[in-house]
$ cat run.cif   # mmCIF, C-alpha atoms
data_model
loop_
_atom_site.label_atom_id
_atom_site.label_comp_id
_atom_site.auth_asym_id
_atom_site.auth_seq_id
_atom_site.Cartn_x
_atom_site.Cartn_y
_atom_site.Cartn_z
CA MET A 1 -10.55 -13.95 -9.73
CA ARG A 2 -13.45 -12.65 -11.83
CA TRP A 3 -13.27 -15.72 -14.05
CA LEU A 4 -12.98 -18.16 -11.15
CA PRO A 5 -16.74 -19.05 -11.05
CA VAL A 6 -16.69 -19.85 -14.78
CA LEU A 7 -13.60 -22.03 -14.37
CA TYR A 8 -15.23 -23.71 -11.38
CA VAL A 9 -18.33 -24.67 -13.39
CA ALA A 10 -16.23 -25.75 -16.39
CA ALA A 11 -14.17 -28.07 -14.19
CA LEU A 12 -17.38 -29.56 -12.79
CA LEU A 13 -18.84 -30.19 -16.26
CA LEU A 14 -15.63 -31.93 -17.31
CA LEU A 15 -15.63 -34.05 -14.15
CA GLU A 16 -19.32 -35.04 -14.20
CA PRO A 17 -19.23 -37.37 -17.27
CA ALA A 18 -16.06 -39.04 -16.03
CA THR A 19 -17.54 -40.12 -12.68
CA PRO A 20 -19.99 -42.95 -11.93
CA VAL A 21 -23.71 -42.16 -11.69
CA GLU A 22 -23.63 -42.93 -7.97
CA TRP A 23 -21.25 -40.04 -7.39
CA PRO A 24 -23.30 -36.81 -7.36
CA VAL A 25 -20.49 -34.46 -8.31
CA SER A 26 -23.05 -31.70 -8.85
CA PHE A 27 -23.20 -31.26 -5.07
CA VAL A 28 -20.01 -29.18 -5.27
CA LEU A 29 -22.12 -26.46 -6.93
CA ILE A 30 -23.21 -25.55 -3.40
CA ALA A 31 -19.95 -23.60 -3.12
CA LEU A 32 -20.43 -21.64 -6.37
CA PRO A 33 -22.05 -18.57 -4.70
CA LEU A 34 -19.10 -18.23 -2.32
CA VAL A 35 -16.67 -18.60 -5.21
CA ALA A 36 -18.48 -15.80 -7.01
CA ALA A 37 -18.46 -13.64 -3.87
CA PHE A 38 -14.66 -13.40 -3.98
CA ALA A 39 -14.69 -11.06 -6.97
CA HIS A 40 -18.28 -10.05 -7.75
CA GLY A 41 -21.07 -8.04 -6.19
CA PRO A 42 -24.30 -9.25 -4.57
CA ALA A 43 -26.27 -9.17 -7.85
CA VAL A 44 -23.83 -11.48 -9.61
CA VAL A 45 -23.72 -13.78 -6.58
CA GLY A 46 -27.54 -13.97 -6.61
CA GLY A 47 -27.46 -14.87 -10.30
CA ALA A 48 -24.79 -17.49 -9.66
CA THR A 49 -27.00 -18.99 -6.93
CA VAL A 50 -29.98 -19.35 -9.25
CA PHE A 51 -27.73 -20.77 -11.96
CA ALA A 52 -26.23 -23.27 -9.50
CA VAL A 53 -29.67 -24.54 -8.39
CA VAL A 54 -30.85 -24.91 -12.00
CA LEU A 55 -27.68 -26.70 -13.03
CA GLU A 56 -27.95 -29.02 -10.05
CA GLY A 57 -31.46 -29.92 -11.18
CA VAL A 58 -30.29 -30.47 -14.76
CA LEU A 59 -27.46 -32.72 -13.68
CA ALA A 60 -29.73 -34.59 -11.27
CA GLY A 61 -32.67 -35.33 -13.57
CA THR A 62 -31.55 -35.15 -17.18
CA PRO A 63 -30.54 -38.58 -18.51
CA CYS A 64 -28.66 -37.16 -21.48
CA CYS A 65 -26.37 -35.11 -19.25
CA ALA A 66 -25.75 -37.28 -16.21
CA GLY A 67 -27.18 -40.68 -17.01
CA ARG A 68 -29.72 -40.47 -14.20
CA GLU A 69 -33.46 -40.88 -14.28
CA VAL A 70 -35.77 -37.87 -14.05
CA GLY A 71 -36.93 -39.10 -10.64
CA TYR A 72 -33.57 -38.15 -9.17
CA LEU A 73 -34.58 -34.52 -9.60
CA TRP A 74 -36.73 -34.60 -6.45
CA ASP A 75 -34.67 -37.05 -4.47
CA ARG A 76 -34.31 -35.87 -0.90
CA HIS A 77 -30.52 -35.55 -1.25
CA TYR A 78 -30.86 -33.25 -4.24
CA VAL A 79 -33.62 -31.23 -2.60
CA ALA A 80 -31.31 -30.74 0.36
CA SER A 81 -28.62 -29.64 -2.10
CA TYR A 82 -30.96 -27.02 -3.61
CA ILE A 83 -31.80 -25.67 -0.15
CA CYS A 84 -28.16 -25.58 0.92
CA THR A 85 -27.19 -23.80 -2.29
CA GLY A 86 -29.87 -21.18 -1.65
CA LEU A 87 -28.68 -20.64 1.92
CA VAL A 88 -25.06 -20.41 0.84
CA GLY A 89 -26.16 -17.98 -1.86
CA VAL A 90 -27.73 -15.68 0.75
CA LEU A 91 -24.54 -15.82 2.81
CA GLY A 92 -22.50 -15.18 -0.33
CA MET A 93 -24.55 -12.09 -1.15
CA ILE A 94 -24.01 -10.76 2.37
CA LEU A 95 -20.28 -11.50 2.08
CA ALA A 96 -20.09 -9.83 -1.34
CA ALA A 97 -21.88 -6.71 -0.07
CA HIS A 98 -19.51 -6.50 2.89
CA ARG A 99 -16.47 -6.99 0.65
CA VAL A 100 -17.62 -4.30 -1.80
CA ARG A 101 -18.18 -1.87 1.07
CA ARG A 102 -14.72 -2.60 2.51
CA GLU A 103 -13.08 -2.21 -0.89
CA ARG A 104 -14.72 1.18 -1.37
CA THR A 105 -13.59 2.26 2.09
CA LEU A 106 -10.05 1.07 1.38
CA ALA A 107 -10.03 2.90 -1.96
CA ASP A 108 -11.12 6.10 -0.19
CA LEU A 109 -8.40 5.67 2.44
CA ARG A 110 -5.77 5.08 -0.22
CA PHE A 111 -6.91 8.19 -2.07
CA VAL A 112 -6.63 10.26 1.12
CA ALA A 113 -3.22 8.73 1.86
CA ASP A 114 -1.99 9.56 -1.65
CA ILE A 115 -3.12 13.17 -1.23
CA ALA A 116 -1.45 13.37 2.19
CA GLN A 117 1.73 11.88 0.74
CA ARG A 118 1.82 14.46 -2.04
CA VAL A 119 1.25 17.25 0.49
CA LEU A 120 3.89 15.92 2.89
CA LEU A 121 6.45 14.96 0.23
CA ARG A 122 5.99 17.41 -2.58
CA PRO A 123 7.49 16.29 -5.89
CA VAL A 124 11.08 17.46 -6.14
CA PRO A 125 11.61 19.72 -9.19
CA HIS A 126 13.54 17.97 -11.95
CA GLN A 127 15.72 21.05 -12.37
CA ILE A 128 16.66 24.01 -10.16
CA GLY A 129 18.93 26.36 -12.04
CA SER A 130 21.63 24.21 -13.64
CA LEU A 131 21.13 21.41 -11.11
CA HIS A 132 19.22 18.31 -12.21
CA LEU A 133 17.37 16.41 -9.48
CA GLU A 134 15.62 13.05 -9.25
CA SER A 135 13.83 11.43 -6.32
CA LEU A 136 12.32 8.01 -5.63
CA TYR A 137 10.17 7.03 -2.67
CA ARG A 138 9.79 3.31 -2.09
CA SER A 139 8.14 2.11 1.11
CA ALA A 140 9.36 -1.01 2.90
CA ALA A 141 5.73 -2.18 3.17
CA ALA A 142 4.12 -3.02 -0.16
CA GLU A 143 0.79 -1.41 0.70
CA ALA A 144 2.12 1.56 2.57
CA ARG A 145 1.34 5.01 1.15
CA ILE A 146 2.79 7.29 3.78
CA GLY A 147 5.39 6.98 6.50
CA GLY A 148 8.30 8.59 8.32
CA ASP A 149 10.76 8.90 5.44
CA LEU A 150 11.20 12.40 4.05
CA TYR A 151 13.11 14.47 1.53
CA GLU A 152 13.03 18.02 0.20
CA ALA A 153 14.89 20.38 -2.14
CA VAL A 154 14.62 24.14 -1.62
CA PRO A 155 16.17 26.86 -3.78
CA THR A 156 17.59 29.65 -1.58
CA ARG A 157 19.90 32.63 -1.99
CA TYR A 158 22.67 30.40 -0.64
CA GLY A 159 22.12 27.70 -3.25
CA VAL A 160 20.00 24.59 -3.42
CA ARG A 161 19.52 23.04 -0.01
CA LEU A 162 18.56 19.39 0.31
CA LEU A 163 17.19 17.26 3.12
CA ILE A 164 16.87 13.50 3.42
CA GLY A 165 15.65 12.05 6.71
CA ASP A 166 14.06 9.12 8.47
CA VAL A 167 11.85 9.35 11.55
CA ARG A 168 12.20 6.70 14.23
CA GLY A 169 9.07 4.60 14.52
CA LYS A 170 6.00 4.50 12.34
CA GLY A 171 2.34 5.40 12.29
CA LEU A 172 0.71 8.78 12.80
CA LEU A 173 3.37 10.00 15.23
CA ALA A 174 6.08 9.39 12.63
CA VAL A 175 4.02 11.16 9.96
CA GLU A 176 3.42 14.14 12.26
CA THR A 177 7.12 14.33 13.10
CA ALA A 178 8.09 14.15 9.43
CA ALA A 179 5.66 16.96 8.61
CA ALA A 180 7.03 19.11 11.44
CA LEU A 181 10.63 18.50 10.33
CA LEU A 182 9.87 19.40 6.72
CA GLY A 183 8.08 22.56 7.81
CA ALA A 184 11.00 23.61 10.00
CA PHE A 185 13.50 22.90 7.21
CA ARG A 186 11.53 24.79 4.53
CA GLU A 187 11.34 27.84 6.81
CA ALA A 188 14.91 27.79 8.16
CA ALA A 189 16.53 27.00 4.81
CA GLN A 190 15.69 30.51 3.59
CA ASP A 191 17.14 32.30 6.63
CA GLU A 192 20.16 30.48 8.03
CA PRO A 193 23.43 31.53 6.30
CA THR A 194 25.32 28.28 6.95
CA LEU A 195 24.42 24.63 6.77
CA PRO A 196 25.43 23.83 10.39
CA ALA A 197 23.27 26.72 11.58
CA LEU A 198 20.39 25.32 9.53
CA ALA A 199 20.82 21.89 11.12
CA ASP A 200 20.98 23.46 14.61
CA ARG A 201 17.79 25.43 14.06
CA VAL A 202 15.89 22.42 12.77
CA GLU A 203 17.15 20.33 15.68
CA THR A 204 16.04 23.00 18.16
CA SER A 205 12.60 23.03 16.59
CA MET A 206 12.31 19.24 16.78
CA ASN A 207 13.50 19.14 20.40
CA ARG A 208 10.87 21.70 21.31
CA ARG A 209 8.22 19.61 19.57
CA ALA A 210 9.32 16.42 21.34
CA VAL A 211 8.93 18.11 24.72
CA LEU A 212 5.47 19.42 23.82
CA LEU A 213 4.34 15.93 22.84
CA GLY A 214 5.29 14.61 26.26
CA GLY A 215 5.04 10.94 27.11
CA SER A 216 7.53 8.43 28.45
CA GLU A 217 9.47 8.03 25.18
CA VAL A 218 10.63 11.61 24.65
CA GLY A 219 14.25 10.48 24.67
CA GLU A 220 13.56 7.90 21.99
CA ARG A 221 11.90 10.28 19.55
CA PHE A 222 14.47 11.31 17.01
CA VAL A 223 15.08 11.79 13.32
CA THR A 224 18.23 10.96 11.40
CA ALA A 225 18.89 13.40 8.59
CA VAL A 226 21.37 14.60 6.00
CA PHE A 227 21.49 18.30 5.12
CA ALA A 228 23.22 19.28 1.89
CA GLU A 229 23.93 22.56 0.14
CA ILE A 230 24.99 23.11 -3.48
CA PRO A 231 25.86 26.75 -4.16
CA PHE A 232 24.76 28.12 -7.53
CA GLY A 233 27.51 28.12 -10.13
CA GLU A 234 29.98 26.15 -8.00
CA ALA A 235 31.18 22.56 -8.30
CA LEU A 236 30.83 22.14 -4.55
CA ILE A 237 28.54 20.34 -2.13
CA ARG A 238 28.46 20.85 1.61
CA VAL A 239 27.02 18.09 3.79
CA VAL A 240 25.98 17.95 7.45
CA ASN A 241 25.11 14.40 8.50
CA CYS A 242 23.02 13.97 11.66
CA GLY A 243 23.14 10.22 12.28
CA HIS A 244 21.93 9.22 8.81
CA PRO A 245 23.70 6.74 6.53
CA PRO A 246 26.34 8.73 4.61
CA PRO A 247 25.59 9.95 1.08
CA VAL A 248 27.33 8.19 -1.77
CA ARG A 249 28.98 9.58 -4.90
CA ILE A 250 28.67 7.90 -8.27
CA ARG A 251 31.42 8.79 -10.73
CA SER A 252 32.71 6.87 -13.75
CA GLY A 253 30.75 3.79 -12.70
CA GLU A 254 32.24 3.79 -9.19
CA VAL A 255 30.23 4.26 -6.01
CA CYS A 256 31.85 5.50 -2.82
CA GLU A 257 30.74 7.09 0.42
CA LEU A 258 31.41 10.78 0.82
CA ASP A 259 34.03 11.71 3.37
CA ARG A 260 32.34 11.75 6.76
CA GLY A 261 34.62 14.54 8.05
CA GLY A 262 34.36 15.58 11.65
CA ARG A 263 31.46 14.54 13.88
CA ARG A 264 29.21 17.09 15.50
CA ARG A 265 28.79 16.52 19.20
CA ARG A 266 25.83 17.78 21.22
#
$ encode --input "run.cif" --output "structure tokens"
Amino acid sequence: MRWLPVLYVAALLLLEPATPVEWPVSFVLIALPLVAAFAHGPAVVGGATVFAVVLEGVLAGTPCCAGREVGYLWDRHYVASYICTGLVGVLGMILAAHRVRRERTLADLRFVADIAQRVLLRPVPHQIGSLHLESLYRSAAAEARIGGDLYEAVPTRYGVRLLIGDVRGKGLLAVETAAALLGAFREAAQDEPTLPALADRVETSMNRRAVLLGGSEVGERFVTAVFAEIPFGEALIRVVNCGHPPPVRIRSGEVCELDRGGRRRR
């Protein structure tokens, strides 16, 4: 996009000699300031405006360049073109200033969102004891930085406890809910002796929060989650699935869902 004004002028200079004298192709230079405004700031747009007016005059009144007489330079059509180019240049500078301001604001918002994302979803350690961990967060929306998906790994005296969840909905309410769920999990994971007890305590905390939020959609506010526990020094994993898609196991190039086991009813 930064080279678009240059390409625009180059295309015009290639087209000008190939067209009849009666066709004032230079009039398309009126749009040059707006073309520059797509990727440049107000100063560059102002320079492009001056350049466009000068080039219009050169193409209008220089016989060696356009085959026209010098008198064309002050023809009323060309004078109108100069004025229009100047007006479009002013509008282009305003547009460029607005675009630069919006881009700076967007960059600030993205920076804040990245910080919030790192606070909400702390990087999972690559290794806890003898257990190697990897995590990947990929949003469904290309520009999204933060949402209702969540994960966590916490070393406890009972082993490494894992959480993967997804909050219903999106927006600030989903982010708040995800933060509350992660806080409840990080606290309860250290205290509860069994994985079902951990899931019950987190669910109690989330139910209490849903009631405090109030509103007409209390019954529709929920989080699907998988709780897992890997005791230290044991080739064992315990899983409690609360409505989430089941975990999968990859072994010898084969992928299969873990046994769902019995369902918890509430």
$ resolve_selection --input "run.cif" --expression "the PyMOL selection byres ((chain A and resi 29) around 10)" --output "ChimeraX atom specification"
/A:8-9,12,25-28,30-35,48-49,51-53,55-56,81-82,84-85
$ residues_around --input "run.cif" --residues "A:Ala153" --least-positions-apart "5" --cutoff "10 Å" --atoms "all atoms listed in the file" --output "ChimeraX atom specification"
/A:122-125,128,133,135,160-164,185-186,189,228-229
$ write_last_selection --input "run.cif" --atoms "C-alpha atoms" --output "mmCIF file, in the frame of the given file"
data_model
loop_
_atom_site.group_PDB
_atom_site.id
_atom_site.type_symbol
_atom_site.label_atom_id
_atom_site.label_comp_id
_atom_site.auth_asym_id
_atom_site.auth_seq_id
_atom_site.Cartn_x
_atom_site.Cartn_y
_atom_site.Cartn_z
ATOM 1 C CA ARG A 122 5.990 17.410 -2.580
ATOM 2 C CA PRO A 123 7.490 16.290 -5.890
ATOM 3 C CA VAL A 124 11.080 17.460 -6.140
ATOM 4 C CA PRO A 125 11.610 19.720 -9.190
ATOM 5 C CA ILE A 128 16.660 24.010 -10.160
ATOM 6 C CA LEU A 133 17.370 16.410 -9.480
ATOM 7 C CA SER A 135 13.830 11.430 -6.320
ATOM 8 C CA VAL A 160 20.000 24.590 -3.420
ATOM 9 C CA ARG A 161 19.520 23.040 -0.010
ATOM 10 C CA LEU A 162 18.560 19.390 0.310
ATOM 11 C CA LEU A 163 17.190 17.260 3.120
ATOM 12 C CA ILE A 164 16.870 13.500 3.420
ATOM 13 C CA PHE A 185 13.500 22.900 7.210
ATOM 14 C CA ARG A 186 11.530 24.790 4.530
ATOM 15 C CA ALA A 189 16.530 27.000 4.810
ATOM 16 C CA ALA A 228 23.220 19.280 1.890
ATOM 17 C CA GLU A 229 23.930 22.560 0.140
#
$ closest_residue --input "run.cif" --among "A:Leu59, A:Ile83, A:Leu150, A:Arg157" --to "A:Pro193" --atoms "only C-alpha atoms"
A:Arg157
$ resolve_selection --input "run.cif" --expression "the PyMOL selection byres ((chain A and resi 37) around 10)" --output "CSV table (one decimal) with C-alpha atoms, in the coordinates of the input"
chain,number,residue,atom,x,y,z
A,1,MET,CA,-10.6,-14.0,-9.7
A,2,ARG,CA,-13.4,-12.6,-11.8
A,5,PRO,CA,-16.7,-19.0,-11.0
A,32,LEU,CA,-20.4,-21.6,-6.4
A,33,PRO,CA,-22.0,-18.6,-4.7
A,34,LEU,CA,-19.1,-18.2,-2.3
A,35,VAL,CA,-16.7,-18.6,-5.2
A,36,ALA,CA,-18.5,-15.8,-7.0
A,38,PHE,CA,-14.7,-13.4,-4.0
A,39,ALA,CA,-14.7,-11.1,-7.0
A,40,HIS,CA,-18.3,-10.0,-7.8
A,41,GLY,CA,-21.1,-8.0,-6.2
A,42,PRO,CA,-24.3,-9.2,-4.6
A,43,ALA,CA,-26.3,-9.2,-7.8
A,44,VAL,CA,-23.8,-11.5,-9.6
A,45,VAL,CA,-23.7,-13.8,-6.6
A,46,GLY,CA,-27.5,-14.0,-6.6
A,48,ALA,CA,-24.8,-17.5,-9.7
A,89,GLY,CA,-26.2,-18.0,-1.9
A,91,LEU,CA,-24.5,-15.8,2.8
A,92,GLY,CA,-22.5,-15.2,-0.3
A,93,MET,CA,-24.6,-12.1,-1.2
A,94,ILE,CA,-24.0,-10.8,2.4
A,95,LEU,CA,-20.3,-11.5,2.1
A,96,ALA,CA,-20.1,-9.8,-1.3
A,97,ALA,CA,-21.9,-6.7,-0.1
A,98,HIS,CA,-19.5,-6.5,2.9
A,99,ARG,CA,-16.5,-7.0,0.6
A,100,VAL,CA,-17.6,-4.3,-1.8
$ closest_residue --input "run.cif" --among "A:Arg209, A:Val54, A:Ala11, A:Leu198" --to "A:Ala179" --atoms "all atoms listed in the file"
A:Arg209
$ closest_residue --input "run.cif" --among "A:Val88, A:Leu4, A:Val223, A:Ala235" --to "A:Leu131" --atoms "all atoms listed in the file"
A:Ala235
$ resolve_selection --input "run.cif" --expression "the PyMOL selection byres ((chain A and resi 244) around 12)" --output "list in words"
Asp149, Leu163, Ile164, Gly165, Asp166, Val167, Arg168, Phe222, Val223, Thr224, Ala225, Val226, Phe227, Val239, Val240, Asn241, Cys242, Gly243, Pro245, Pro246, Pro247, Val248 and Arg260 of chain A
$ atom_distance --input "run.cif" --atom1 "atom CA of A:Val58" --atom2 "atom CA of A:Glu16"
11.9 Å
$ atom_distance --input "run.cif" --atom1 "atom CA of A:Val6" --atom2 "atom CA of A:Leu106"
27.3 Å
$ residues_around --input "run.cif" --residues "A:Ser130" --least-positions-apart "3" --cutoff "10 Å" --atoms "all atoms listed in the file" --output "PyMOL selection string"
chain A and resi 127+133+232-233
$ atom_distance --input "run.cif" --atom1 "atom CA of A:Gly183" --atom2 "atom CA of A:Gly129"
22.9 Å
$ axis_aligned_box --input "run.cif" --around "stretch 5-8 of chain A" --padding-each-side "6 Å" --output "lines of an AutoDock Vina configuration file"
center_x = -15.2
center_y = -21.4
center_z = -12.9
size_x = 15.1
size_y = 16.7
size_z = 15.7
